[in-house]
>>> print(open('entry21.pdb').read())   # PDB, C-alpha atoms, pLDDT in the B column
ATOM      1  CA  MET A 285     176.611 118.237  15.605  1.00 51.00           C
ATOM      2  CA  GLU A 286     178.945 116.979  18.330  1.00 54.00           C
ATOM      3  CA  SER A 287     177.875 114.216  20.659  1.00 51.00           C
ATOM      4  CA  CYS A 288     178.404 114.704  24.367  1.00 55.00           C
ATOM      5  CA  TYR A 289     179.091 110.966  24.662  1.00 56.00           C
ATOM      6  CA  ARG A 290     182.229 110.835  22.579  1.00 58.00           C
ATOM      7  CA  ILE A 291     185.264 109.266  24.222  1.00 55.00           C
ATOM      8  CA  ASP A 292     187.394 112.353  23.550  1.00 57.00           C
ATOM      9  CA  ASN A 293     184.923 114.388  25.657  1.00 60.00           C
ATOM     10  CA  LEU A 294     185.897 112.338  28.711  1.00 58.00           C
ATOM     11  CA  LYS A 295     189.013 114.279  29.545  1.00 61.00           C
ATOM     12  CA  GLY A 296     190.899 112.867  32.496  1.00 61.00           C
ATOM     13  CA  VAL A 297     189.253 109.444  32.243  1.00 61.00           C
ATOM     14  CA  HIS A 298     191.677 106.763  31.197  1.00 68.00           C
ATOM     15  CA  LEU A 299     190.404 104.547  28.363  1.00 68.00           C
ATOM     16  CA  THR A 300     190.769 101.437  30.537  1.00 76.00           C
ATOM     17  CA  HIS A 301     188.538 102.981  33.199  1.00 72.00           C
ATOM     18  CA  HIS A 302     186.012 103.909  30.537  1.00 65.00           C
ATOM     19  CA  LYS A 303     185.920 100.286  29.334  1.00 77.00           C
ATOM     20  CA  HIS A 304     185.449  99.042  32.907  1.00 74.00           C
ATOM     21  CA  ILE A 305     182.576 101.447  33.438  1.00 78.00           C
ATOM     22  CA  LEU A 306     180.947 100.457  30.149  1.00 77.00           C
ATOM     23  CA  THR A 307     181.356  96.757  30.960  1.00 80.00           C
ATOM     24  CA  SER A 308     179.800  97.295  34.383  1.00 78.00           C
ATOM     25  CA  VAL A 309     176.836  99.153  32.912  1.00 76.00           C
ATOM     26  CA  VAL A 310     176.221  96.402  30.354  1.00 78.00           C
ATOM     27  CA  SER A 311     176.509  93.710  33.046  1.00 77.00           C
ATOM     28  CA  LEU A 312     174.076  95.492  35.377  1.00 80.00           C
ATOM     29  CA  THR A 313     171.608  95.998  32.538  1.00 80.00           C
ATOM     30  CA  ALA A 314     171.758  92.305  31.627  1.00 73.00           C
ATOM     31  CA  LEU A 315     171.323  91.309  35.274  1.00 79.00           C
ATOM     32  CA  ALA A 316     168.297  93.586  35.666  1.00 76.00           C
ATOM     33  CA  ALA A 317     166.734  92.184  32.480  1.00 75.00           C
ATOM     34  CA  HIS A 318     167.285  88.611  33.693  1.00 72.00           C
ATOM     35  CA  TYR A 319     165.788  89.373  37.118  1.00 72.00           C
ATOM     36  CA  THR A 320     162.728  90.950  35.494  1.00 72.00           C
ATOM     37  CA  THR A 321     162.257  87.909  33.272  1.00 70.00           C
ATOM     38  CA  VAL A 322     162.428  85.574  36.273  1.00 65.00           C
ATOM     39  CA  LEU A 323     159.854  87.620  38.184  1.00 64.00           C
ATOM     40  CA  MET A 324     157.485  87.695  35.237  1.00 63.00           C
ATOM     41  CA  ALA A 325     157.810  83.939  34.698  1.00 59.00           C
ATOM     42  CA  GLN A 326     156.594  83.100  38.193  1.00 56.00           C
ATOM     43  CA  GLU A 327     152.972  82.072  38.002  1.00 56.00           C
ATOM     44  CA  LYS A 328     150.603  83.260  40.651  1.00 70.00           C
ATOM     45  CA  GLU A 329     147.813  80.978  41.740  1.00 77.00           C
ATOM     46  CA  LYS A 330     144.423  82.311  40.787  1.00 83.00           C
ATOM     47  CA  ALA A 331     141.707  82.476  43.359  1.00 86.00           C
ATOM     48  CA  PHE A 332     138.793  80.089  43.055  1.00 90.00           C
ATOM     49  CA  TRP A 333     135.715  81.523  44.699  1.00 93.00           C
ATOM     50  CA  THR A 334     132.821  79.400  45.917  1.00 92.00           C
ATOM     51  CA  GLU A 335     129.388  80.892  46.362  1.00 93.00           C
ATOM     52  CA  SER A 336     129.733  80.629  50.153  1.00 93.00           C
ATOM     53  CA  GLU A 337     133.062  82.518  50.053  1.00 94.00           C
ATOM     54  CA  VAL A 338     131.585  85.320  47.941  1.00 94.00           C
ATOM     55  CA  THR A 339     128.607  85.532  50.293  1.00 95.00           C
ATOM     56  CA  ALA A 340     130.955  85.618  53.308  1.00 95.00           C
ATOM     57  CA  LEU A 341     133.013  88.400  51.668  1.00 95.00           C
ATOM     58  CA  VAL A 342     129.934  90.515  50.950  1.00 95.00           C
ATOM     59  CA  ASP A 343     128.592  89.889  54.471  1.00 96.00           C
ATOM     60  CA  TYR A 344     131.927  90.845  56.056  1.00 96.00           C
ATOM     61  CA  LEU A 345     132.182  94.065  54.067  1.00 94.00           C
ATOM     62  CA  HIS A 346     128.544  94.883  54.839  1.00 93.00           C
ATOM     63  CA  GLU A 347     129.265  94.418  58.563  1.00 95.00           C
ATOM     64  CA  HIS A 348     132.332  96.670  58.251  1.00 94.00           C
ATOM     65  CA  TRP A 349     130.703  99.310  56.062  1.00 92.00           C
ATOM     66  CA  SER A 350     131.739 102.013  58.542  1.00 90.00           C
ATOM     67  CA  GLU A 351     135.368 101.338  57.523  1.00 89.00           C
ATOM     68  CA  CYS A 352     134.580 102.357  53.961  1.00 86.00           C
ATOM     69  CA  ALA A 353     136.615 105.356  52.864  1.00 80.00           C
ATOM     70  CA  GLU A 354     135.496 108.175  50.603  1.00 76.00           C
ATOM     71  CA  GLY A 355     134.411 107.008  47.196  1.00 76.00           C
ATOM     72  CA  GLY A 356     133.063 103.713  48.537  1.00 75.00           C
ATOM     73  CA  ASN A 357     136.409 101.963  48.684  1.00 86.00           C
ATOM     74  CA  PHE A 358     137.652  99.915  51.606  1.00 93.00           C
ATOM     75  CA  LYS A 359     141.208 100.100  52.846  1.00 93.00           C
ATOM     76  CA  MET A 360     143.462  97.071  52.456  1.00 94.00           C
ATOM     77  CA  VAL A 361     143.296  96.402  56.208  1.00 95.00           C
ATOM     78  CA  THR A 362     139.558  95.694  55.805  1.00 96.00           C
ATOM     79  CA  PHE A 363     140.161  93.341  52.866  1.00 96.00           C
ATOM     80  CA  ASN A 364     142.851  91.557  54.913  1.00 97.00           C
ATOM     81  CA  GLY A 365     140.298  91.099  57.696  1.00 96.00           C
ATOM     82  CA  ALA A 366     137.825  89.706  55.186  1.00 97.00           C
ATOM     83  CA  ALA A 367     140.436  87.229  53.949  1.00 96.00           C
ATOM     84  CA  ARG A 368     141.001  85.997  57.517  1.00 96.00           C
ATOM     85  CA  ASP A 369     137.243  85.775  58.094  1.00 96.00           C
ATOM     86  CA  ILE A 370     136.518  83.658  55.019  1.00 95.00           C
ATOM     87  CA  ALA A 371     139.573  81.380  55.426  1.00 94.00           C
ATOM     88  CA  PRO A 372     137.606  78.562  57.126  1.00 93.00           C
ATOM     89  CA  LYS A 373     135.274  78.386  54.111  1.00 90.00           C
ATOM     90  CA  LYS A 374     138.081  77.613  51.623  1.00 89.00           C
ATOM     91  CA  THR A 375     137.551  74.413  49.670  1.00 87.00           C
ATOM     92  CA  GLN A 376     139.711  74.940  46.573  1.00 86.00           C
ATOM     93  CA  GLY A 377     142.640  77.012  45.349  1.00 86.00           C
ATOM     94  CA  PRO A 378     145.028  79.140  47.367  1.00 89.00           C
ATOM     95  CA  GLN A 379     144.219  80.864  50.636  1.00 91.00           C
ATOM     96  CA  LYS A 380     142.507  84.162  49.852  1.00 93.00           C
ATOM     97  CA  THR A 381     144.526  87.329  50.389  1.00 94.00           C
ATOM     98  CA  GLY A 382     143.397  90.876  50.975  1.00 95.00           C
ATOM     99  CA  LYS A 383     144.303  91.699  47.365  1.00 94.00           C
ATOM    100  CA  MET A 384     142.182  88.786  46.098  1.00 94.00           C
ATOM    101  CA  CYS A 385     139.272  90.004  48.233  1.00 94.00           C
ATOM    102  CA  GLN A 386     139.678  93.520  46.858  1.00 94.00           C
ATOM    103  CA  THR A 387     139.646  92.219  43.282  1.00 93.00           C
ATOM    104  CA  LYS A 388     136.568  90.079  43.945  1.00 94.00           C
ATOM    105  CA  TRP A 389     134.773  92.979  45.646  1.00 93.00           C
ATOM    106  CA  THR A 390     135.476  95.197  42.641  1.00 90.00           C
ATOM    107  CA  SER A 391     133.987  92.587  40.304  1.00 91.00           C
ATOM    108  CA  VAL A 392     130.823  91.960  42.352  1.00 87.00           C
ATOM    109  CA  SER A 393     130.136  95.560  43.361  1.00 77.00           C
ATOM    110  CA  CYS A 394     130.169  97.039  39.867  1.00 67.00           C
TER     111      CYS A 394
END
>>> encode(input="entry21.pdb", output="structure tokens")
Amino acid sequence: MESCYRIDNLKGVHLTHHKHILTSVVSLTALAAHYTTVLMAQEKEKAFWTESEVTALVDYLHEHWSECAEGGNFKMVTFNGAARDIAPKKTQGPQKTGKMCQTKWTSVSC
């Protein structure tokens, strides 16, 4: 069985060019792997929720129930609004984001 990747199948491509292409591919692959490792190594701060923040989140979503989409899920714009609304109540941890509010809502609504 003949491989389609054999060097002799690359008619018209000079061996030096082939080596340059191969070197470039290996370099790009290594760079992508390094970048991925760096991204994965960055720690994200976890949200710390006080009882008053959870209550404020539930109250906000209850007040904005009309923004609930099909299936009982809110859109991210609503969770972003909730994050802004509960910001003054923060006592610990990072500022809450819409994504953090969505995650918390999922855990308290189930």
>>> atom_distance(input="entry21.pdb", atom1="atom CA of A:Glu351", atom2="atom CA of A:Lys330")
26.9 Å
>>> atom_distance(input="entry21.pdb", atom1="atom CA of A:Lys359", atom2="atom CA of A:Val392")
16.9 Å
>>> resolve_selection(input="entry21.pdb", expression="the PyMOL selection byres ((chain A and resi 370) around 8)", output="PDB file with C-alpha atoms, in the coordinates of the input")
ATOM      1  CA  GLU A 337     133.062  82.518  50.053  1.00 94.00           C
ATOM      2  CA  ALA A 340     130.955  85.618  53.308  1.00 95.00           C
ATOM      3  CA  LEU A 341     133.013  88.400  51.668  1.00 95.00           C
ATOM      4  CA  ALA A 366     137.825  89.706  55.186  1.00 97.00           C
ATOM      5  CA  ALA A 367     140.436  87.229  53.949  1.00 96.00           C
ATOM      6  CA  ARG A 368     141.001  85.997  57.517  1.00 96.00           C
ATOM      7  CA  ASP A 369     137.243  85.775  58.094  1.00 96.00           C
ATOM      8  CA  ALA A 371     139.573  81.380  55.426  1.00 94.00           C
ATOM      9  CA  PRO A 372     137.606  78.562  57.126  1.00 93.00           C
ATOM     10  CA  LYS A 373     135.274  78.386  54.111  1.00 90.00           C
ATOM     11  CA  LYS A 374     138.081  77.613  51.623  1.00 89.00           C
ATOM     12  CA  LYS A 380     142.507  84.162  49.852  1.00 93.00           C
TER      13      LYS A 380
END
>>> residues_around(input="entry21.pdb", residues="A:Leu345", least_positions_apart="2", cutoff="9 Å", atoms="all atoms listed in the file", output="list in words")
Ala340, Leu341, Val342, Asp343, Glu347, His348, Trp349, Glu351, Cys352, Phe358, Thr362, Phe363, Ala366 and Trp389 of chain A
>>> atom_distance(input="entry21.pdb", atom1="atom CA of A:His346", atom2="atom CA of A:Glu329")
27.1 Å
>>> closest_residue(input="entry21.pdb", among="A:Thr334, A:Thr321, A:Thr307, A:Cys385", to="A:Asn364", atoms="only C-alpha atoms")
A:Cys385
>>> axis_aligned_box(input="entry21.pdb", around="stretch 374-386 of chain A", padding_each_side="5 Å", output="lines of an AutoDock Vina configuration file")
center_x = 141.3
center_y = 84.0
center_z = 48.5
size_x = 17.5
size_y = 29.1
size_z = 16.3
